[in-house]
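Engineer: Sharing final12.cif, mmCIF, N, CA and C atoms:
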```cif
data_input
#
loop_
_atom_site.label_atom_id
_atom_site.label_comp_id
_atom_site.auth_asym_id
_atom_site.auth_seq_id
_atom_site.Cartn_x
_atom_site.Cartn_y
_atom_site.Cartn_z
N MET A 1 51.16 -73.59 49.31
CA MET A 1 50.54 -73.22 50.56
C MET A 1 50.97 -74.18 51.66
N SER A 2 51.14 -73.66 52.83
CA SER A 2 51.53 -74.47 53.98
C SER A 2 50.31 -74.76 54.85
N ILE A 3 50.44 -75.72 55.69
CA ILE A 3 49.35 -76.11 56.60
C ILE A 3 48.96 -74.94 57.49
N THR A 4 47.67 -74.78 57.72
CA THR A 4 47.19 -73.74 58.63
C THR A 4 47.19 -74.30 60.05
N TYR A 5 47.08 -73.40 61.02
CA TYR A 5 46.99 -73.88 62.39
C TYR A 5 45.75 -74.74 62.58
N SER A 6 44.65 -74.34 61.99
CA SER A 6 43.40 -75.09 62.12
C SER A 6 43.55 -76.51 61.58
N GLN A 7 44.19 -76.65 60.43
CA GLN A 7 44.44 -77.98 59.86
C GLN A 7 45.38 -78.78 60.75
N ALA A 8 46.42 -78.13 61.23
CA ALA A 8 47.39 -78.82 62.09
C ALA A 8 46.73 -79.31 63.37
N ALA A 9 45.88 -78.48 63.95
CA ALA A 9 45.18 -78.86 65.18
C ALA A 9 44.23 -80.03 64.92
N LYS A 10 43.58 -80.03 63.76
CA LYS A 10 42.68 -81.13 63.39
C LYS A 10 43.46 -82.43 63.24
N ALA A 11 44.60 -82.38 62.58
CA ALA A 11 45.46 -83.56 62.42
C ALA A 11 45.97 -84.05 63.77
N LEU A 12 46.37 -83.11 64.62
CA LEU A 12 46.86 -83.46 65.95
C LEU A 12 45.77 -84.15 66.77
N ARG A 13 44.55 -83.62 66.71
CA ARG A 13 43.43 -84.24 67.44
C ARG A 13 43.19 -85.67 66.98
N ALA A 14 43.19 -85.89 65.67
CA ALA A 14 42.94 -87.23 65.14
C ALA A 14 44.05 -88.20 65.55
N ALA A 15 45.28 -87.75 65.49
CA ALA A 15 46.41 -88.60 65.89
C ALA A 15 46.37 -88.88 67.39
N THR A 16 46.01 -87.88 68.17
CA THR A 16 45.89 -88.05 69.62
C THR A 16 44.82 -89.07 69.96
N GLU A 17 43.68 -88.96 69.28
CA GLU A 17 42.60 -89.93 69.50
C GLU A 17 43.05 -91.35 69.17
N LYS A 18 43.78 -91.49 68.06
CA LYS A 18 44.28 -92.82 67.67
C LYS A 18 45.23 -93.36 68.72
N ALA A 19 46.15 -92.53 69.19
CA ALA A 19 47.12 -92.96 70.21
C ALA A 19 46.40 -93.40 71.48
N LYS A 20 45.41 -92.64 71.89
CA LYS A 20 44.66 -92.99 73.09
C LYS A 20 43.86 -94.27 72.90
N SER A 21 43.33 -94.48 71.70
CA SER A 21 42.51 -95.67 71.44
C SER A 21 43.34 -96.96 71.50
N ILE A 22 44.63 -96.84 71.20
CA ILE A 22 45.49 -98.04 71.29
C ILE A 22 46.39 -97.98 72.53
N ASN A 23 46.13 -96.98 73.37
CA ASN A 23 46.80 -96.84 74.67
C ASN A 23 48.32 -96.76 74.56
N ILE A 24 48.78 -95.88 73.67
CA ILE A 24 50.22 -95.68 73.47
C ILE A 24 50.57 -94.25 73.87
N PRO A 25 51.41 -94.06 74.89
CA PRO A 25 51.82 -92.69 75.27
C PRO A 25 52.93 -92.19 74.34
N VAL A 26 52.57 -91.29 73.47
CA VAL A 26 53.51 -90.80 72.46
C VAL A 26 53.60 -89.28 72.49
N SER A 27 54.56 -88.77 71.76
CA SER A 27 54.62 -87.35 71.45
C SER A 27 54.29 -87.23 69.97
N ILE A 28 53.54 -86.19 69.62
CA ILE A 28 53.11 -85.97 68.24
C ILE A 28 53.48 -84.55 67.86
N ALA A 29 54.04 -84.39 66.66
CA ALA A 29 54.42 -83.07 66.17
C ALA A 29 53.86 -82.86 64.77
N VAL A 30 53.41 -81.63 64.50
CA VAL A 30 52.95 -81.25 63.17
C VAL A 30 53.82 -80.07 62.73
N VAL A 31 54.39 -80.19 61.51
CA VAL A 31 55.24 -79.13 60.97
C VAL A 31 54.68 -78.62 59.66
N ASP A 32 55.08 -77.39 59.31
CA ASP A 32 54.67 -76.80 58.03
C ASP A 32 55.65 -77.23 56.94
N THR A 33 55.50 -76.67 55.74
CA THR A 33 56.34 -77.08 54.62
C THR A 33 57.81 -76.70 54.80
N GLY A 34 58.09 -75.80 55.70
CA GLY A 34 59.48 -75.44 55.99
C GLY A 34 60.08 -76.27 57.11
N GLY A 35 59.30 -77.21 57.65
CA GLY A 35 59.78 -78.05 58.73
C GLY A 35 59.68 -77.39 60.10
N HIS A 36 58.93 -76.29 60.17
CA HIS A 36 58.78 -75.56 61.43
C HIS A 36 57.60 -76.10 62.21
N LEU A 37 57.77 -76.27 63.50
CA LEU A 37 56.72 -76.79 64.37
C LEU A 37 55.51 -75.87 64.38
N VAL A 38 54.32 -76.44 64.13
CA VAL A 38 53.07 -75.69 64.17
C VAL A 38 52.34 -76.00 65.47
N THR A 39 52.27 -77.28 65.82
CA THR A 39 51.63 -77.69 67.06
C THR A 39 52.17 -79.05 67.47
N MET A 40 52.00 -79.36 68.76
CA MET A 40 52.50 -80.65 69.26
C MET A 40 51.73 -81.05 70.50
N ALA A 41 51.89 -82.33 70.86
CA ALA A 41 51.31 -82.84 72.10
C ALA A 41 52.25 -83.90 72.66
N ARG A 42 52.38 -83.91 73.96
CA ARG A 42 53.16 -84.96 74.64
C ARG A 42 52.20 -85.69 75.56
N LEU A 43 51.79 -86.89 75.15
CA LEU A 43 50.78 -87.65 75.86
C LEU A 43 51.41 -88.52 76.93
N ASP A 44 51.89 -87.89 77.98
CA ASP A 44 52.52 -88.61 79.10
C ASP A 44 53.68 -89.49 78.65
N SER A 45 54.33 -89.10 77.57
CA SER A 45 55.49 -89.86 77.09
C SER A 45 56.76 -89.25 77.68
N VAL A 46 57.84 -89.95 77.51
CA VAL A 46 59.12 -89.43 78.01
C VAL A 46 59.54 -88.23 77.18
N TYR A 47 60.32 -87.35 77.75
CA TYR A 47 60.67 -86.09 77.10
C TYR A 47 61.44 -86.26 75.80
N GLY A 48 62.32 -87.21 75.72
CA GLY A 48 63.19 -87.36 74.56
C GLY A 48 62.48 -87.65 73.26
N VAL A 49 61.31 -88.28 73.32
CA VAL A 49 60.67 -88.67 72.07
C VAL A 49 60.02 -87.49 71.35
N LEU A 50 59.80 -86.37 72.00
CA LEU A 50 59.26 -85.20 71.30
C LEU A 50 60.23 -84.75 70.22
N ASP A 51 61.51 -84.71 70.53
CA ASP A 51 62.51 -84.34 69.54
C ASP A 51 62.49 -85.33 68.38
N PHE A 52 62.32 -86.61 68.67
CA PHE A 52 62.23 -87.62 67.62
C PHE A 52 61.03 -87.32 66.71
N ALA A 53 59.88 -86.99 67.29
CA ALA A 53 58.69 -86.70 66.50
C ALA A 53 58.93 -85.52 65.57
N VAL A 54 59.53 -84.47 66.08
CA VAL A 54 59.81 -83.29 65.26
C VAL A 54 60.75 -83.66 64.12
N LYS A 55 61.79 -84.43 64.41
CA LYS A 55 62.75 -84.81 63.36
C LYS A 55 62.13 -85.73 62.31
N LYS A 56 61.25 -86.64 62.72
CA LYS A 56 60.57 -87.49 61.75
C LYS A 56 59.68 -86.65 60.84
N ALA A 57 58.94 -85.70 61.42
CA ALA A 57 58.07 -84.84 60.63
C ALA A 57 58.88 -83.98 59.66
N LYS A 58 59.99 -83.41 60.14
CA LYS A 58 60.86 -82.61 59.27
C LYS A 58 61.39 -83.45 58.12
N THR A 59 61.79 -84.67 58.40
CA THR A 59 62.32 -85.55 57.36
C THR A 59 61.25 -85.77 56.28
N ALA A 60 60.04 -86.07 56.70
CA ALA A 60 58.96 -86.34 55.75
C ALA A 60 58.69 -85.13 54.87
N VAL A 61 58.53 -83.95 55.47
CA VAL A 61 58.16 -82.78 54.68
C VAL A 61 59.32 -82.29 53.81
N MET A 62 60.54 -82.38 54.29
CA MET A 62 61.68 -81.87 53.51
C MET A 62 62.00 -82.72 52.29
N PHE A 63 61.66 -84.01 52.34
CA PHE A 63 61.96 -84.88 51.21
C PHE A 63 60.70 -85.34 50.48
N GLY A 64 59.53 -84.97 50.99
CA GLY A 64 58.29 -85.26 50.30
C GLY A 64 57.83 -86.70 50.34
N VAL A 65 58.40 -87.47 51.27
CA VAL A 65 58.01 -88.88 51.45
C VAL A 65 57.99 -89.18 52.94
N ASP A 66 57.24 -90.19 53.33
CA ASP A 66 57.22 -90.58 54.73
C ASP A 66 58.63 -90.91 55.21
N SER A 67 58.88 -90.69 56.49
CA SER A 67 60.24 -90.82 57.03
C SER A 67 60.83 -92.21 56.84
N ASP A 68 60.01 -93.26 56.93
CA ASP A 68 60.54 -94.61 56.73
C ASP A 68 60.90 -94.86 55.27
N VAL A 69 60.20 -94.22 54.34
CA VAL A 69 60.54 -94.35 52.92
C VAL A 69 61.91 -93.73 52.68
N MET A 70 62.17 -92.59 53.30
CA MET A 70 63.49 -91.95 53.16
C MET A 70 64.57 -92.86 53.71
N GLY A 71 64.29 -93.55 54.81
CA GLY A 71 65.26 -94.51 55.37
C GLY A 71 65.56 -95.62 54.40
N THR A 72 64.52 -96.12 53.71
CA THR A 72 64.71 -97.17 52.71
C THR A 72 65.54 -96.67 51.54
N ILE A 73 65.30 -95.44 51.13
CA ILE A 73 66.06 -94.84 50.02
C ILE A 73 67.54 -94.77 50.39
N ILE A 74 67.83 -94.29 51.59
CA ILE A 74 69.23 -94.18 52.02
C ILE A 74 69.87 -95.56 52.08
N ALA A 75 69.18 -96.52 52.70
CA ALA A 75 69.74 -97.87 52.84
C ALA A 75 69.95 -98.51 51.47
N GLY A 76 69.01 -98.30 50.56
CA GLY A 76 69.10 -98.91 49.24
C GLY A 76 70.16 -98.28 48.36
N ALA A 77 70.54 -97.06 48.66
CA ALA A 77 71.54 -96.38 47.84
C ALA A 77 72.96 -96.83 48.18
N GLY A 78 73.09 -97.57 49.27
CA GLY A 78 74.42 -98.05 49.65
C GLY A 78 75.35 -96.94 50.11
N ILE A 79 74.78 -95.84 50.56
CA ILE A 79 75.61 -94.73 51.04
C ILE A 79 75.53 -94.66 52.55
N HIS A 80 76.50 -94.06 53.12
CA HIS A 80 76.48 -93.83 54.56
C HIS A 80 75.66 -92.58 54.81
N GLY A 81 74.58 -92.69 55.54
CA GLY A 81 73.65 -91.59 55.72
C GLY A 81 74.00 -90.59 56.79
N TYR A 82 75.17 -90.71 57.43
CA TYR A 82 75.48 -89.84 58.55
C TYR A 82 75.36 -88.37 58.19
N GLY A 83 75.97 -87.96 57.10
CA GLY A 83 75.93 -86.55 56.71
C GLY A 83 74.53 -86.07 56.43
N MET A 84 73.75 -86.90 55.77
CA MET A 84 72.39 -86.52 55.46
C MET A 84 71.54 -86.43 56.72
N LEU A 85 71.68 -87.38 57.61
CA LEU A 85 70.87 -87.41 58.81
C LEU A 85 71.18 -86.24 59.74
N ASN A 86 72.35 -85.68 59.61
CA ASN A 86 72.72 -84.54 60.45
C ASN A 86 72.51 -83.21 59.74
N SER A 87 71.97 -83.25 58.53
CA SER A 87 71.68 -82.01 57.82
C SER A 87 70.35 -81.44 58.33
N ASN A 88 70.08 -80.23 57.98
CA ASN A 88 68.80 -79.59 58.29
C ASN A 88 68.44 -79.63 59.77
N GLY A 89 69.42 -79.57 60.64
CA GLY A 89 69.16 -79.58 62.07
C GLY A 89 68.89 -80.96 62.64
N GLY A 90 69.12 -81.98 61.84
CA GLY A 90 68.92 -83.36 62.29
C GLY A 90 67.65 -83.97 61.74
N LEU A 91 67.78 -85.11 61.10
CA LEU A 91 66.65 -85.83 60.53
C LEU A 91 66.57 -87.21 61.15
N LEU A 92 65.44 -87.89 60.95
CA LEU A 92 65.26 -89.22 61.52
C LEU A 92 64.48 -90.05 60.49
N THR A 93 65.09 -91.14 60.03
CA THR A 93 64.52 -91.89 58.92
C THR A 93 63.94 -93.23 59.35
N ILE A 94 63.18 -93.22 60.44
CA ILE A 94 62.44 -94.42 60.85
C ILE A 94 60.95 -94.09 60.79
N ALA A 95 60.13 -95.12 60.79
CA ALA A 95 58.69 -94.93 60.62
C ALA A 95 58.09 -94.03 61.68
N GLY A 96 57.10 -93.26 61.25
CA GLY A 96 56.38 -92.39 62.17
C GLY A 96 56.18 -90.99 61.65
N GLY A 97 56.89 -90.60 60.61
CA GLY A 97 56.73 -89.29 59.99
C GLY A 97 55.94 -89.46 58.69
N VAL A 98 54.82 -88.75 58.57
CA VAL A 98 53.92 -88.92 57.43
C VAL A 98 53.62 -87.55 56.82
N VAL A 99 53.75 -87.45 55.50
CA VAL A 99 53.42 -86.19 54.84
C VAL A 99 51.92 -85.94 54.92
N ILE A 100 51.56 -84.67 54.98
CA ILE A 100 50.15 -84.26 54.97
C ILE A 100 49.90 -83.57 53.64
N LYS A 101 48.89 -84.05 52.92
CA LYS A 101 48.54 -83.47 51.62
C LYS A 101 47.16 -82.83 51.70
N ASP A 102 46.97 -81.80 50.89
CA ASP A 102 45.65 -81.17 50.81
C ASP A 102 44.77 -81.95 49.84
N ALA A 103 43.58 -81.44 49.58
CA ALA A 103 42.62 -82.13 48.70
C ALA A 103 43.14 -82.29 47.28
N GLU A 104 44.04 -81.42 46.85
CA GLU A 104 44.61 -81.51 45.50
C GLU A 104 45.85 -82.40 45.44
N GLY A 105 46.26 -82.94 46.59
CA GLY A 105 47.42 -83.82 46.62
C GLY A 105 48.75 -83.12 46.82
N LYS A 106 48.71 -81.82 47.13
CA LYS A 106 49.95 -81.07 47.38
C LYS A 106 50.35 -81.24 48.84
N ILE A 107 51.64 -81.39 49.05
CA ILE A 107 52.16 -81.51 50.42
C ILE A 107 52.07 -80.15 51.10
N ILE A 108 51.41 -80.13 52.27
CA ILE A 108 51.27 -78.87 53.01
C ILE A 108 51.93 -78.93 54.38
N GLY A 109 52.50 -80.08 54.73
CA GLY A 109 53.15 -80.25 56.03
C GLY A 109 53.40 -81.71 56.29
N ALA A 110 53.66 -82.03 57.55
CA ALA A 110 53.87 -83.42 57.95
C ALA A 110 53.52 -83.56 59.41
N ILE A 111 53.20 -84.79 59.79
CA ILE A 111 52.89 -85.12 61.17
C ILE A 111 53.71 -86.34 61.55
N ALA A 112 54.13 -86.39 62.79
CA ALA A 112 54.91 -87.55 63.23
C ALA A 112 54.56 -87.89 64.67
N SER A 113 54.70 -89.17 64.95
CA SER A 113 54.49 -89.70 66.29
C SER A 113 55.77 -90.43 66.71
N SER A 114 56.06 -90.38 67.98
CA SER A 114 57.20 -91.11 68.51
C SER A 114 56.88 -91.55 69.93
N GLY A 115 57.29 -92.77 70.26
CA GLY A 115 57.06 -93.31 71.59
C GLY A 115 56.52 -94.72 71.55
N GLY A 116 55.93 -95.10 70.43
CA GLY A 116 55.46 -96.47 70.24
C GLY A 116 56.46 -97.24 69.39
N THR A 117 56.03 -98.39 68.90
CA THR A 117 56.87 -99.10 67.93
C THR A 117 56.83 -98.30 66.63
N PRO A 118 57.76 -98.55 65.72
CA PRO A 118 57.68 -97.83 64.44
C PRO A 118 56.33 -98.02 63.75
N GLU A 119 55.77 -99.20 63.81
CA GLU A 119 54.47 -99.46 63.18
C GLU A 119 53.36 -98.66 63.86
N GLN A 120 53.37 -98.62 65.19
CA GLN A 120 52.37 -97.84 65.92
C GLN A 120 52.51 -96.35 65.64
N ASP A 121 53.74 -95.86 65.61
CA ASP A 121 53.98 -94.45 65.33
C ASP A 121 53.44 -94.08 63.95
N LYS A 122 53.68 -94.93 62.95
CA LYS A 122 53.19 -94.66 61.60
C LYS A 122 51.67 -94.69 61.56
N GLU A 123 51.06 -95.62 62.27
CA GLU A 123 49.60 -95.72 62.32
C GLU A 123 49.00 -94.47 62.95
N ILE A 124 49.59 -94.01 64.02
CA ILE A 124 49.09 -92.82 64.73
C ILE A 124 49.23 -91.58 63.85
N ALA A 125 50.41 -91.37 63.26
CA ALA A 125 50.62 -90.22 62.39
C ALA A 125 49.73 -90.30 61.15
N GLY A 126 49.57 -91.50 60.62
CA GLY A 126 48.72 -91.68 59.44
C GLY A 126 47.28 -91.29 59.71
N ALA A 127 46.81 -91.57 60.92
CA ALA A 127 45.45 -91.17 61.29
C ALA A 127 45.31 -89.64 61.27
N GLY A 128 46.34 -88.95 61.69
CA GLY A 128 46.32 -87.49 61.66
C GLY A 128 46.35 -86.94 60.25
N ALA A 129 47.21 -87.51 59.41
CA ALA A 129 47.32 -87.04 58.04
C ALA A 129 46.04 -87.31 57.24
N ALA A 130 45.39 -88.43 57.54
CA ALA A 130 44.21 -88.84 56.78
C ALA A 130 43.04 -87.86 56.89
N VAL A 131 42.93 -87.16 58.02
CA VAL A 131 41.78 -86.26 58.19
C VAL A 131 41.91 -84.98 57.37
N ILE A 132 43.08 -84.70 56.85
CA ILE A 132 43.28 -83.50 56.07
C ILE A 132 43.02 -83.77 54.58
N ALA A 133 43.56 -84.85 54.07
CA ALA A 133 43.39 -85.19 52.65
C ALA A 133 41.95 -85.51 52.36
#
```
In structure tokens, what does this structure look like?

Structural biologist:
Amino acid sequence: MSITYSQAAKALRAATEKAKSINIPVSIAVVDTGGHLVTMARLDSVYGVLDFAVKKAKTAVMFGVDSDVMGTIIAGAGIHGYGMLNSNGGLLTIAGGVVIKDAEGKIIGAIASSGGTPEQDKEIAGAGAAVIA
């Protein structure tokens, strides 16, 4: 099962609240299990980071791990990640993309934030993912 709009909106609200509480203008994207955008918000951030948020979320859901974990896997494998990063319409393997799991622990989508530091982006996205599990 993939994330519903209601779940995606709930995750987006929680992530938005977190971003506002730490005063970080970010873009946030929620995708389904196919990596398709379900909902998003651009909190007075620059336009370019929305694409980053979508790519981080796609990376997380397509590989079943947070986007920064995928970056560590690529770096640790000693391979050049160019081909992989340009697959699937473009991926992004830095912190900020977090898988969303349902109550049974199944991945139903992903949420990502972009516009803060990698640590802030992961914290914001994690707040969104946490309200679903």

Engineer: Quote the spacing between atom N of Ala57 in chain A and atom N of Thr117 in chain A in Å to one decimal place.

Structural biologist: 15.0 Å

Engineer: Using all atoms listed in the file for the distances, tell me which of A:Val31, A:Gly97, A:Ser113, A:Ile108 is nearest to Val49 in chain A.

Structural biologist: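 Selected residue with least distance to Val49 in chain A: A:Ser113.
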
Engineer: What do you get, as number ranges by chain, if you spell out every residue that the PyMOL selection byres ((chain A and resi 35) around 6.5) selects here?

Structural biologist: A: 31-34, 36-37, 57-58, 61-62

Engineer: As a PyMOL selection string, please: the residues near Gly96 in chain A (cut-off 12 Å, only C-alpha atoms, same-chain neighbours under 2 positions excluded).

Structural biologist: chain A and resi 15+26-30+49-50+52-60+65-71+92-94+98-99+110-129

Engineer: Let's see if you can do this: from backbone DSSP, list all strand (DSSP E or B) residues in range 8-125 of chain A, as an MDAnalysis selection string.

Structural biologist: chainID A and resid 27:31 37:42 97:101 107:114

Engineer: Select, from A:Met40, A:Ala19, A:Ile132, A:Met1, the residue with the minimum atom-to-atom distance to Gly109 in chain A, counting all atoms listed in the file.

Structural biologist: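 With all atoms listed in the file as the atom set, the closest residue is A:Met1.
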
Engineer: What is the CA of Thr72 in chain A to atom C of Val38 in chain A distance in Å?

Structural biologist: 27.6 Å

Engineer: Pick the closest to Ile107 in chain A from A:Ile24, A:Gly64, A:Leu91, A:Ala130: which is it, counting all atoms listed in the file?

Structural biologist: A:Gly64

Engineer: Using CA of Ala14 in chain A and CA of Val131 in chain A as the two end points, give the distance in Å to one decimal.

Structural biologist: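 Result for CA of Ala14 in chain A versus CA of Val131 in chain A: 7.1 Å, one decimal.
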
Engineer: Looking only at the backbone, which of the residues in chain A does DSSP tag as helix (DSSP H, G or I), as JSON, numbers by chain?

Structural biologist: {"A": [5, 6, 7, 8, 9, 10, 11, 12, 13, 14, 15, 16, 17, 18, 19, 20, 21, 48, 49, 50, 51, 52, 53, 54, 55, 56, 57, 58, 59, 60, 61, 62, 63, 67, 68, 69, 70, 71, 72, 73, 74, 75, 76, 82, 83, 84, 85, 87, 88, 89, 118, 119, 120, 121, 122, 123, 124, 125, 126, 127, 128, 129, 130]}

Engineer: Produce the centre coordinates and the three edge lengths, each in Å to one decimal, of the box along x, y and z that contains all listed atoms of range 47-51 of chain A with 8 Å added on each side, as JSON.

Structural biologist:
```
{"center_x": 61.2, "center_y": -86.5, "center_z": 73.1, "size_x": 19.9, "size_y": 20.3, "size_z": 25.4}
```

Engineer: Find the residue from A:Ile73, A:Ile22, A:Gly48, A:Thr39 that sits nearest to Ala9 in chain A; use all atoms listed in the file when measuring.

Structural biologist: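 Answer, going by the shortest atom-to-atom distance: A:Thr39.
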
Engineer: I'd like the neighbourhood of Ala133 in chain A as a ChimeraX atom specification, where a residue qualifies if any of its atoms comes within 10 Å (using only C-alpha atoms), though same-chain residues fewer than 5 positions away should be ignored.

Structural biologist: /A:100-107,128
